[in-house]
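Have a look at the structure below before the remarks.
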Amino acid sequence: MKEYKNYQLKGNNTFGIPALCDRFIEYAGIEDLKELYNNKTFEGKWMSVGCGANLLFCDDYHGVIIHSTAQQIEILEENDHTLLVRAEAGLVLDDFIAQAVDKGWGGMENLSAIPCSVGAAPVQNVGAYGVEAKDVVESVLVFDTRDGSSRTFTNAECTFGYRNSFFKSNPQYVVVSVDFRLTKKSDWKLRLDYGNLRSALPDQFSENGEALREVRETVCRIRHEKLPDPAVIGSAGSFFKNPVVDRAVVDRLLCDYPKMPFYEMGEGCKIPAGWMIEQSGWKGKKMGNAGVYEKQALVLVNHGNATGKEVWKLAQSIVRSVKEKFGVEISPEVIKIPE
Ligand SMILES: Cc1cc2nc3c(=O)[nH]c(=O)nc-3n(C[C@H](O)[C@H](O)[C@H](O)COP(=O)(O)OP(=O)(O)OC[C@H]3O[C@@H](n4cnc5c(N)ncnc54)[C@H](O)[C@@H]3O)c2cc1C
């Protein structure tokens with residue numbers, strides 16, 4: 001275990017925002033978590049941070065940040081059709097997917113290139129191109145910081161929702177490892193009918209050939225074209241959630257905006273927040289050092305030396321504009337710290 005005092009978090013959040021935390025602790029697994037529990041670390045203010053790809057630090061964090069460095073991968077079960085693979089929380093999800101694709105283990109290729117740790121994947125129920133963590137997570141091993149015990153949550157117990165799970169509102173559980181159910185070639189179930197994925201695949205694409213590798217490469221290419229690379233320009237991906245509104249609201253808006261995109265859901269309709277932000281004139285706009293990405297209005301970016309407060313101020317201005325123009329309240333997907 002390693003501990004740093006007065007630690008600079010600029011390199012631990014994809015926005016690249018400077019902020020200090022009182023203590024930053026890198027731990028390797030359950031034994032380290034038990035030691036932290038015995039030292040009463042969890043009795044004060046603390047939080048788990050993975051890649052920091054969904055966080056906006058608006059101030060210094062006066063508490064302890066714990067960060068897993070455990071990165072082992074282990075095959076727990078294997079038959080002719082599927083595998084059960086355990087990955088530890090500190091592994092970068094995309095490194096795991098790269099290995100899975102290399103070995104011909106299907107199921108996660110659509111999630112390629114999402115900046116995320118394995119530990120945060122079930123917490124956030126990350127998703128892209130029609131696949132979510134919930135589709136491949138079999139179970140999650142967690143450490144309960146209230147009593148120092150460990151427990152396994154089944155997929156059903158994780159109560160996954162849209163970018164949501166049981167863990168999101170129960171941060172006392174630290175994800176230690178995740179068991180993923182992946183498929184061998186005979187059982188691959190490729191999901192290609194989301195967005196422009198199928199049309200972007202290479203001409204010679206065949207579901208029986210190098211399909212996993214080609215899907216992964218295509219997803220990486222599309223993402224690279226439309227999303228900022230955090231190594232070059234700071235962001236947390238989509239800053240806002242897509243609002244879900246009553247059908248009556250959609251009908252009212254369609255009178256003024258007949259081309260407005262929307263998707264029928266079980267309860268209500270989802271309107272793309274990015275479209276509303278763009279229609280409100282924000283795409284590519286700057287406010288101080290923060291801005292709206294020129295290729296995707298849902299993404300707020302750090303143009304260099306932005307502070308978390310600057311990004312938050314921009315976000316609030318956008319929320320107000322959208323509310324004034326459409327009468328719809330959009331809310332952040334990004335976690336503001338402190339809340
Ligand atoms: C360029 C870009 C593109 C993105 N694209 C997508 C996308 O396509 N789809 C998508 O779903 N998201 C996307 N995101 C958002 C982000 O990748 C996800 O929210 C991701 O899950 C964050 O993972 P993380 O490891 O960075 O978690 P962090 O941001 O570090 O933490 C997120 C939450 O998880 C908790 N947490 C972290 N580790 C643990 C742990 N071990 N145990 C318990 N709780 C933990 C934290 O306390 C926090 O509440 C994108 C972000 C960026 C920057």
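By convention here, the chains of the structure tokens are called A, B, ... in the order presented, each chain's residues are numbered starting at 1, and ligands are numbered starting at 1 in the order presented.
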Sort by chain and increasing residue number a table of all residues of chain A within 6 Å of ligand 1, each with its closest pair of atoms and their distance in Å to one decimal, counting only C-alpha atoms and all ligand atoms, and write it as a tab-separated table.
residue	atom	partner	partner_atom_place_in_ligand_line	distance
A:Thr14	CA	ligand 1	53 (C)	5.5
A:Met47	CA	ligand 1	47 (O)	5.5
A:Ser48	CA	ligand 1	47 (O)	4.2
A:Val49	CA	ligand 1	30 (O)	3.8
A:Gly50	CA	ligand 1	30 (O)	3.5
A:Cys51	CA	ligand 1	26 (O)	3.4
A:Gly52	CA	ligand 1	30 (O)	3.4
A:Ala53	CA	ligand 1	26 (O)	3.5
A:Asn54	CA	ligand 1	29 (O)	3.7
A:Leu55	CA	ligand 1	29 (O)	4.9
A:Ala89	CA	ligand 1	41 (N)	5.3
A:Ile114	CA	ligand 1	5 (N)	4.9
A:Pro115	CA	ligand 1	17 (O)	4.2
A:Cys116	CA	ligand 1	23 (O)	3.5
A:Ser117	CA	ligand 1	25 (O)	3.7
A:Gly119	CA	ligand 1	41 (N)	3.9
A:Ala120	CA	ligand 1	37 (C)	4.2
A:Ala121	CA	ligand 1	21 (O)	4.9
A:Val123	CA	ligand 1	34 (O)	5.5
A:Gln124	CA	ligand 1	21 (O)	4.9
A:Val126	CA	ligand 1	11 (O)	3.3
A:Gly127	CA	ligand 1	11 (O)	4.2
A:Ala128	CA	ligand 1	8 (O)	4.8
A:Tyr173	CA	ligand 1	43 (C)	5.9
A:Val174	CA	ligand 1	42 (N)	3.7
A:Val175	CA	ligand 1	42 (N)	3.7
A:Val176	CA	ligand 1	41 (N)	6.0
A:Leu227	CA	ligand 1	1 (C)	5.7
A:Pro228	CA	ligand 1	1 (C)	5.6
A:Asp229	CA	ligand 1	1 (C)	5.8
A:Pro230	CA	ligand 1	1 (C)	5.8
A:Ser235	CA	ligand 1	53 (C)	5.1
A:Ala236	CA	ligand 1	53 (C)	3.5
A:Gly237	CA	ligand 1	52 (C)	3.5
Residues within 12 Å of Lys325 in chain A, only C-alpha atoms, excluding chain neighbours under 4 positions, as a PyMOL selection string: chain A and resi 253+256-257+276-281+318-321+329-330
Just the selected residues (all heavy atoms), exported as a compact mmCIF listing (two decimals), in the first residue's frame, please.
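Dumped to result31.txt:
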# COMPACT_ATOMS: atom_id res chain seq x y z
N LEU A 253 -43.39 20.13 -27.72
CA LEU A 253 -42.15 20.60 -28.34
C LEU A 253 -42.14 20.37 -29.86
O LEU A 253 -41.60 21.17 -30.62
CB LEU A 253 -40.93 19.92 -27.70
CG LEU A 253 -40.63 20.39 -26.27
CD1 LEU A 253 -39.57 19.50 -25.62
CD2 LEU A 253 -40.12 21.83 -26.29
N ASP A 256 -43.18 23.23 -32.13
CA ASP A 256 -42.17 24.26 -32.45
C ASP A 256 -40.94 23.68 -33.14
O ASP A 256 -40.26 24.38 -33.88
CB ASP A 256 -41.71 24.95 -31.14
CG ASP A 256 -42.82 25.80 -30.55
OD1 ASP A 256 -43.66 26.27 -31.34
OD2 ASP A 256 -42.87 25.95 -29.32
N TYR A 257 -40.62 22.42 -32.82
CA TYR A 257 -39.40 21.80 -33.37
C TYR A 257 -39.75 20.45 -34.00
O TYR A 257 -39.49 19.39 -33.42
CB TYR A 257 -38.34 21.60 -32.26
CG TYR A 257 -38.09 22.84 -31.45
CD1 TYR A 257 -38.70 23.02 -30.20
CD2 TYR A 257 -37.24 23.84 -31.92
CE1 TYR A 257 -38.50 24.17 -29.47
CE2 TYR A 257 -37.03 25.00 -31.19
CZ TYR A 257 -37.66 25.15 -29.96
OH TYR A 257 -37.45 26.29 -29.25
N MET A 276 -30.49 19.42 -27.68
CA MET A 276 -31.07 20.63 -27.08
C MET A 276 -29.98 21.67 -26.80
O MET A 276 -30.20 22.88 -26.97
CB MET A 276 -31.82 20.27 -25.78
CG MET A 276 -33.07 19.47 -26.05
SD MET A 276 -34.19 19.41 -24.65
CE MET A 276 -33.37 18.22 -23.67
N ILE A 277 -28.80 21.18 -26.40
CA ILE A 277 -27.70 22.12 -26.10
C ILE A 277 -27.24 22.79 -27.39
O ILE A 277 -27.01 24.00 -27.45
CB ILE A 277 -26.53 21.37 -25.40
CG1 ILE A 277 -27.01 20.80 -24.05
CG2 ILE A 277 -25.33 22.28 -25.21
CD1 ILE A 277 -26.06 19.80 -23.41
N GLU A 278 -27.17 21.98 -28.45
CA GLU A 278 -26.75 22.52 -29.76
C GLU A 278 -27.77 23.55 -30.26
O GLU A 278 -27.41 24.64 -30.69
CB GLU A 278 -26.62 21.36 -30.74
CG GLU A 278 -25.97 21.77 -32.04
CD GLU A 278 -25.69 20.59 -32.96
OE1 GLU A 278 -25.64 19.43 -32.49
OE2 GLU A 278 -25.51 20.85 -34.16
N GLN A 279 -29.07 23.20 -30.14
CA GLN A 279 -30.13 24.12 -30.57
C GLN A 279 -30.12 25.41 -29.76
O GLN A 279 -30.56 26.45 -30.22
CB GLN A 279 -31.51 23.46 -30.42
CG GLN A 279 -31.74 22.28 -31.32
CD GLN A 279 -31.75 22.67 -32.80
OE1 GLN A 279 -32.45 23.58 -33.18
NE2 GLN A 279 -30.95 22.00 -33.60
N SER A 280 -29.59 25.32 -28.53
CA SER A 280 -29.54 26.52 -27.68
C SER A 280 -28.29 27.35 -27.99
O SER A 280 -28.01 28.33 -27.29
CB SER A 280 -29.54 26.12 -26.19
OG SER A 280 -30.65 25.30 -25.91
N GLY A 281 -27.56 26.93 -29.00
CA GLY A 281 -26.43 27.74 -29.50
C GLY A 281 -25.11 27.54 -28.79
O GLY A 281 -24.20 28.36 -28.93
N ILE A 318 -25.68 26.42 -19.25
CA ILE A 318 -26.31 25.58 -20.29
C ILE A 318 -27.66 25.06 -19.78
O ILE A 318 -28.66 25.09 -20.51
CB ILE A 318 -25.35 24.41 -20.67
CG1 ILE A 318 -24.13 24.97 -21.39
CG2 ILE A 318 -26.07 23.36 -21.51
CD1 ILE A 318 -23.03 23.97 -21.65
N VAL A 319 -27.68 24.62 -18.53
CA VAL A 319 -28.93 24.10 -17.95
C VAL A 319 -30.01 25.18 -18.03
O VAL A 319 -31.15 24.93 -18.44
CB VAL A 319 -28.71 23.64 -16.49
CG1 VAL A 319 -30.05 23.31 -15.82
CG2 VAL A 319 -27.79 22.42 -16.44
N ARG A 320 -29.63 26.41 -17.69
CA ARG A 320 -30.60 27.53 -17.71
C ARG A 320 -31.10 27.80 -19.13
O ARG A 320 -32.30 27.94 -19.36
CB ARG A 320 -29.95 28.80 -17.13
CG ARG A 320 -30.09 28.91 -15.62
CD ARG A 320 -29.82 30.34 -15.15
NE ARG A 320 -28.49 30.80 -15.54
CZ ARG A 320 -27.37 30.58 -14.84
NH1 ARG A 320 -27.43 29.92 -13.72
NH2 ARG A 320 -26.21 31.03 -15.27
N SER A 321 -30.15 27.84 -20.09
CA SER A 321 -30.54 28.09 -21.49
C SER A 321 -31.53 27.06 -22.00
O SER A 321 -32.52 27.39 -22.66
CB SER A 321 -29.34 27.95 -22.43
OG SER A 321 -28.53 29.01 -22.41
N GLU A 329 -35.61 20.38 -17.96
CA GLU A 329 -34.47 20.49 -17.05
C GLU A 329 -33.48 19.36 -17.37
O GLU A 329 -33.85 18.19 -17.31
CB GLU A 329 -34.99 20.32 -15.62
CG GLU A 329 -33.97 20.54 -14.54
CD GLU A 329 -34.16 21.89 -13.84
OE1 GLU A 329 -35.30 22.41 -13.84
OE2 GLU A 329 -33.16 22.39 -13.32
N ILE A 330 -32.26 19.70 -17.75
CA ILE A 330 -31.26 18.64 -17.93
C ILE A 330 -30.37 18.60 -16.69
O ILE A 330 -30.16 19.61 -16.03
CB ILE A 330 -30.41 18.82 -19.22
CG1 ILE A 330 -29.75 20.20 -19.29
CG2 ILE A 330 -31.26 18.57 -20.46
CD1 ILE A 330 -28.71 20.32 -20.40
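Of the residues listed (A:Pro18, A:Gly29, A:Pro261, A:Gly11), A:Pro18 shows the shortest atom-to-atom separation from Asn305 in chain A; distances use only C-alpha atoms.
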Could you list, as a PyMOL selection string, every residue within 8 Å of Ala87 in chain A, counting only C-alpha atoms and ignoring same-chain residues fewer than 6 positions away? chain A and resi 71-74+96+118+177-180
If you keep all heavy atoms, can you produce a file of those selected residues as a JSON list (two decimals), in the first residue's frame?
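Result saved to selection31.json:
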[["chain", "number", "residue", "atom", "x", "y", "z"],
["A", 71, "GLN", "N", -4.64, -5.54, -10.60],
["A", 71, "GLN", "CA", -4.92, -5.63, -12.05],
["A", 71, "GLN", "C", -4.91, -7.06, -12.59],
["A", 71, "GLN", "O", -4.72, -7.27, -13.77],
["A", 71, "GLN", "CB", -3.88, -4.81, -12.81],
["A", 71, "GLN", "CG", -3.83, -3.36, -12.34],
["A", 71, "GLN", "CD", -3.11, -2.45, -13.31],
["A", 71, "GLN", "OE1", -2.41, -2.93, -14.18],
["A", 71, "GLN", "NE2", -3.29, -1.16, -13.14],
["A", 72, "GLN", "N", -5.07, -8.04, -11.69],
["A", 72, "GLN", "CA", -5.00, -9.44, -12.15],
["A", 72, "GLN", "C", -6.25, -9.84, -12.94],
["A", 72, "GLN", "O", -7.35, -9.35, -12.67],
["A", 72, "GLN", "CB", -4.90, -10.38, -10.95],
["A", 72, "GLN", "CG", -3.63, -10.25, -10.14],
["A", 72, "GLN", "CD", -2.42, -10.76, -10.91],
["A", 72, "GLN", "OE1", -2.46, -11.84, -11.50],
["A", 72, "GLN", "NE2", -1.38, -9.96, -10.93],
["A", 73, "ILE", "N", -6.03, -10.78, -13.86],
["A", 73, "ILE", "CA", -7.14, -11.39, -14.60],
["A", 73, "ILE", "C", -7.03, -12.89, -14.37],
["A", 73, "ILE", "O", -5.94, -13.45, -14.46],
["A", 73, "ILE", "CB", -7.01, -11.11, -16.12],
["A", 73, "ILE", "CG1", -7.13, -9.61, -16.40],
["A", 73, "ILE", "CG2", -8.06, -11.88, -16.90],
["A", 73, "ILE", "CD1", -6.91, -9.24, -17.86],
["A", 74, "GLU", "N", -8.16, -13.53, -14.07],
["A", 74, "GLU", "CA", -8.12, -14.97, -13.79],
["A", 74, "GLU", "C", -9.34, -15.65, -14.43],
["A", 74, "GLU", "O", -10.46, -15.14, -14.30],
["A", 74, "GLU", "CB", -8.18, -15.16, -12.26],
["A", 74, "GLU", "CG", -7.98, -16.56, -11.79],
["A", 74, "GLU", "CD", -8.29, -16.68, -10.28],
["A", 74, "GLU", "OE1", -8.46, -15.63, -9.60],
["A", 74, "GLU", "OE2", -8.38, -17.81, -9.80],
["A", 96, "PHE", "N", -8.45, -4.62, -20.35],
["A", 96, "PHE", "CA", -9.10, -5.93, -20.20],
["A", 96, "PHE", "C", -9.79, -6.32, -21.52],
["A", 96, "PHE", "O", -9.66, -7.44, -22.01],
["A", 96, "PHE", "CB", -10.09, -5.87, -19.04],
["A", 96, "PHE", "CG", -10.87, -7.14, -18.84],
["A", 96, "PHE", "CD1", -10.21, -8.36, -18.70],
["A", 96, "PHE", "CD2", -12.25, -7.14, -18.81],
["A", 96, "PHE", "CE1", -10.92, -9.54, -18.53],
["A", 96, "PHE", "CE2", -12.97, -8.30, -18.63],
["A", 96, "PHE", "CZ", -12.30, -9.52, -18.49],
["A", 118, "VAL", "N", -12.05, -1.21, -14.17],
["A", 118, "VAL", "CA", -12.94, -2.36, -14.00],
["A", 118, "VAL", "C", -13.84, -2.14, -12.78],
["A", 118, "VAL", "O", -15.03, -2.44, -12.79],
["A", 118, "VAL", "CB", -12.11, -3.67, -13.86],
["A", 118, "VAL", "CG1", -12.95, -4.80, -13.30],
["A", 118, "VAL", "CG2", -11.53, -4.05, -15.21],
["A", 177, "SER", "N", -13.34, -6.80, -7.24],
["A", 177, "SER", "CA", -13.16, -7.46, -8.54],
["A", 177, "SER", "C", -14.53, -7.72, -9.16],
["A", 177, "SER", "O", -15.55, -7.71, -8.46],
["A", 177, "SER", "CB", -12.38, -8.77, -8.39],
["A", 177, "SER", "OG", -13.11, -9.66, -7.57],
["A", 178, "VAL", "N", -14.51, -7.96, -10.46],
["A", 178, "VAL", "CA", -15.75, -8.19, -11.19],
["A", 178, "VAL", "C", -15.61, -9.48, -11.98],
["A", 178, "VAL", "O", -14.57, -9.71, -12.62],
["A", 178, "VAL", "CB", -16.05, -7.01, -12.15],
["A", 178, "VAL", "CG1", -17.39, -7.21, -12.86],
["A", 178, "VAL", "CG2", -16.06, -5.68, -11.39],
["A", 179, "ASP", "N", -16.62, -10.34, -11.91],
["A", 179, "ASP", "CA", -16.63, -11.57, -12.72],
["A", 179, "ASP", "C", -17.48, -11.33, -13.96],
["A", 179, "ASP", "O", -18.66, -10.97, -13.86],
["A", 179, "ASP", "CB", -17.21, -12.75, -11.93],
["A", 179, "ASP", "CG", -16.30, -13.15, -10.77],
["A", 179, "ASP", "OD1", -15.18, -12.59, -10.66],
["A", 179, "ASP", "OD2", -16.71, -14.01, -9.96],
["A", 180, "PHE", "N", -16.86, -11.51, -15.12],
["A", 180, "PHE", "CA", -17.53, -11.26, -16.41],
["A", 180, "PHE", "C", -17.82, -12.59, -17.10],
["A", 180, "PHE", "O", -16.93, -13.46, -17.18],
["A", 180, "PHE", "CB", -16.64, -10.42, -17.33],
["A", 180, "PHE", "CG", -16.38, -9.02, -16.84],
["A", 180, "PHE", "CD1", -15.22, -8.72, -16.13],
["A", 180, "PHE", "CD2", -17.29, -8.00, -17.09],
["A", 180, "PHE", "CE1", -14.96, -7.43, -15.68],
["A", 180, "PHE", "CE2", -17.04, -6.70, -16.64],
["A", 180, "PHE", "CZ", -15.88, -6.42, -15.93]]
What's around Gly107 in chain A at 7 Å? Count only C-alpha atoms, leave out sequence neighbours fewer than 5 positions away in its own chain, and write the answer as an NGL selection string. :A and (136 or 182-183)
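For the atom pair formed by CA of Ala28 in chain A and CA of Phe143 in chain A, the distance is 12.6 Å, given to one decimal.
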Using DSSP on the backbone, list every residue of range 31-251 of chain A that comes out as alpha helix (DSSP H), and give them as a VMD selection string. chain A and resid 31 to 38 93 to 103 120 to 124 197 to 200 211 to 226 247 to 251
Go ahead and dump the residues you just picked, C-alpha atoms, as an mmCIF file, in the first residue's frame.
data_model
loop_
_atom_site.group_PDB
_atom_site.id
_atom_site.type_symbol
_atom_site.label_atom_id
_atom_site.label_comp_id
_atom_site.auth_asym_id
_atom_site.auth_seq_id
_atom_site.Cartn_x
_atom_site.Cartn_y
_atom_site.Cartn_z
ATOM 1 C CA GLU A 31 -6.050 -7.331 2.739
ATOM 2 C CA ASP A 32 -5.123 -3.669 2.266
ATOM 3 C CA LEU A 33 -8.770 -2.638 2.605
ATOM 4 C CA LYS A 34 -8.962 -4.579 5.886
ATOM 5 C CA GLU A 35 -5.906 -2.755 7.137
ATOM 6 C CA LEU A 36 -7.492 0.584 6.219
ATOM 7 C CA TYR A 37 -10.646 -0.529 8.015
ATOM 8 C CA ASN A 38 -8.660 -1.480 11.144
ATOM 9 C CA LEU A 93 -11.375 -1.635 -18.557
ATOM 10 C CA ASP A 94 -10.061 -1.105 -22.089
ATOM 11 C CA ASP A 95 -6.874 -3.064 -21.311
ATOM 12 C CA PHE A 96 -9.099 -5.929 -20.202
ATOM 13 C CA ILE A 97 -11.225 -5.649 -23.365
ATOM 14 C CA ALA A 98 -8.096 -5.592 -25.545
ATOM 15 C CA GLN A 99 -6.961 -8.870 -23.968
ATOM 16 C CA ALA A 100 -10.450 -10.396 -24.229
ATOM 17 C CA VAL A 101 -10.711 -9.505 -27.933
ATOM 18 C CA ASP A 102 -7.214 -10.846 -28.537
ATOM 19 C CA LYS A 103 -8.183 -14.171 -27.002
ATOM 20 C CA ALA A 120 -16.219 1.554 -11.723
ATOM 21 C CA ALA A 121 -17.744 -0.392 -14.648
ATOM 22 C CA PRO A 122 -20.560 -1.985 -12.581
ATOM 23 C CA VAL A 123 -20.966 1.117 -10.387
ATOM 24 C CA GLN A 124 -21.686 3.295 -13.422
ATOM 25 C CA LEU A 197 -21.636 0.884 -36.106
ATOM 26 C CA ARG A 198 -22.714 -1.572 -38.810
ATOM 27 C CA SER A 199 -22.214 0.884 -41.665
ATOM 28 C CA ALA A 200 -18.763 1.819 -40.336
ATOM 29 C CA ALA A 211 -15.280 -10.050 -36.029
ATOM 30 C CA LEU A 212 -14.341 -9.079 -32.462
ATOM 31 C CA ARG A 213 -11.160 -7.362 -33.561
ATOM 32 C CA GLU A 214 -12.925 -5.520 -36.387
ATOM 33 C CA VAL A 215 -15.779 -4.370 -34.144
ATOM 34 C CA ARG A 216 -13.296 -3.158 -31.528
ATOM 35 C CA GLU A 217 -11.214 -1.285 -34.099
ATOM 36 C CA THR A 218 -14.322 0.296 -35.620
ATOM 37 C CA VAL A 219 -15.690 1.389 -32.237
ATOM 38 C CA CYS A 220 -12.288 2.879 -31.329
ATOM 39 C CA ARG A 221 -12.129 4.722 -34.657
ATOM 40 C CA ILE A 222 -15.655 6.180 -34.394
ATOM 41 C CA ARG A 223 -15.062 7.259 -30.797
ATOM 42 C CA HIS A 224 -11.733 8.813 -31.703
ATOM 43 C CA GLU A 225 -13.433 10.844 -34.464
ATOM 44 C CA LYS A 226 -16.249 12.202 -32.312
ATOM 45 C CA ARG A 247 -45.105 12.174 -24.147
ATOM 46 C CA ALA A 248 -47.224 15.335 -23.704
ATOM 47 C CA VAL A 249 -44.020 17.395 -23.369
ATOM 48 C CA VAL A 250 -42.667 15.857 -26.587
ATOM 49 C CA ASP A 251 -45.943 16.631 -28.400
#
Atomic distance CA of Asp246 in chain A - CA of Phe326 in chain A, expressed in Å with one decimal: 13.4 Å
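Each of A:Arg181, A:Gly104, A:Gly304, A:Thr152 was checked against Lys134 in chain A using only C-alpha atoms; the smallest atom-to-atom distance is that of A:Arg181.
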If I take CA of Arg86 in chain A and CA of Leu56 in chain A, how far is one from the other in Å, to one decimal?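 We find that CA of Arg86 in chain A and CA of Leu56 in chain A lie 29.7 Å from each other.
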Of the residues A:Phe153, A:Tyr7, A:Trp312, A:Trp275, which is the one nearest to Met287 in chain A, using only C-alpha atoms?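 Checking each candidate against Met287 in chain A, we get A:Trp312 as the closest.
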Could you give me, as a list in words, each residue of range 79-138 of chain A that DSSP assigns to strand (DSSP E) when run on this structure's backbone?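 Listing strand (DSSP E) positions across range 79-138 of chain A yields Thr82, Leu83, Leu84, Val85, Arg86, Ala87, Glu88, Gly127, Ala128, Val131, Glu132, Val137 and Glu138 of chain A.
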Let me see the file: selected residues, N, CA and C atoms, as a compact mmCIF listing (two decimals), in the first residue's frame.
# COMPACT_ATOMS: atom_id res chain seq x y z
N THR A 82 -18.65 -20.72 -23.13
CA THR A 82 -18.44 -19.48 -22.37
C THR A 82 -17.25 -19.58 -21.42
N LEU A 83 -16.91 -18.40 -20.88
CA LEU A 83 -15.87 -18.34 -19.83
C LEU A 83 -16.38 -17.41 -18.74
N LEU A 84 -15.93 -17.68 -17.52
CA LEU A 84 -16.17 -16.74 -16.45
C LEU A 84 -14.79 -16.19 -16.07
N VAL A 85 -14.62 -14.88 -16.26
CA VAL A 85 -13.29 -14.29 -16.07
C VAL A 85 -13.37 -13.24 -14.98
N ARG A 86 -12.45 -13.34 -14.02
CA ARG A 86 -12.41 -12.34 -12.93
C ARG A 86 -11.34 -11.29 -13.25
N ALA A 87 -11.73 -10.03 -13.15
CA ALA A 87 -10.76 -8.95 -13.35
C ALA A 87 -10.78 -8.08 -12.10
N GLU A 88 -9.59 -7.65 -11.68
CA GLU A 88 -9.52 -6.84 -10.45
C GLU A 88 -9.80 -5.36 -10.76
N GLY A 127 -21.85 2.02 -20.63
CA GLY A 127 -22.48 1.48 -21.83
C GLY A 127 -22.08 2.23 -23.08
N ALA A 128 -22.10 1.52 -24.20
CA ALA A 128 -21.85 2.13 -25.50
C ALA A 128 -22.28 1.16 -26.59
N VAL A 131 -24.47 -1.97 -25.75
CA VAL A 131 -24.02 -2.93 -24.73
C VAL A 131 -23.75 -2.16 -23.44
N GLU A 132 -24.15 -2.75 -22.32
CA GLU A 132 -23.87 -2.15 -21.01
C GLU A 132 -23.13 -3.17 -20.16
N VAL A 137 -21.67 -8.60 -16.75
CA VAL A 137 -21.27 -8.80 -15.35
C VAL A 137 -22.06 -9.97 -14.76
N GLU A 138 -21.34 -10.97 -14.26
CA GLU A 138 -22.03 -12.09 -13.61
C GLU A 138 -22.17 -11.79 -12.11
Give me the residues within 9 Å of Asp59 in chain A as a VMD selection string, counting only C-alpha atoms and dropping any in the same chain fewer than 2 places off. chain A and resid 18 to 20 56 to 57 61 307 to 309 337 to 338
Residue among A:Arg252, A:Val142, A:Asp22, A:Asn39 lying closest to Asp60 in chain A, counting only C-alpha atoms: A:Asp22
Between A:Gly16, A:Gly148, A:Gly130, A:Gly161, which has the minimum distance to Asp193 in chain A (counting only C-alpha atoms)? A:Gly130
Which neighbours of Gly44 in chain A fall inside 12 Å, counting only C-alpha atoms, when residues of the same chain fewer than 6 positions from it are skipped, and could you give them as an NGL selection string? :A and (22-23 or 36-37 or 62-65 or 145-146 or 172)
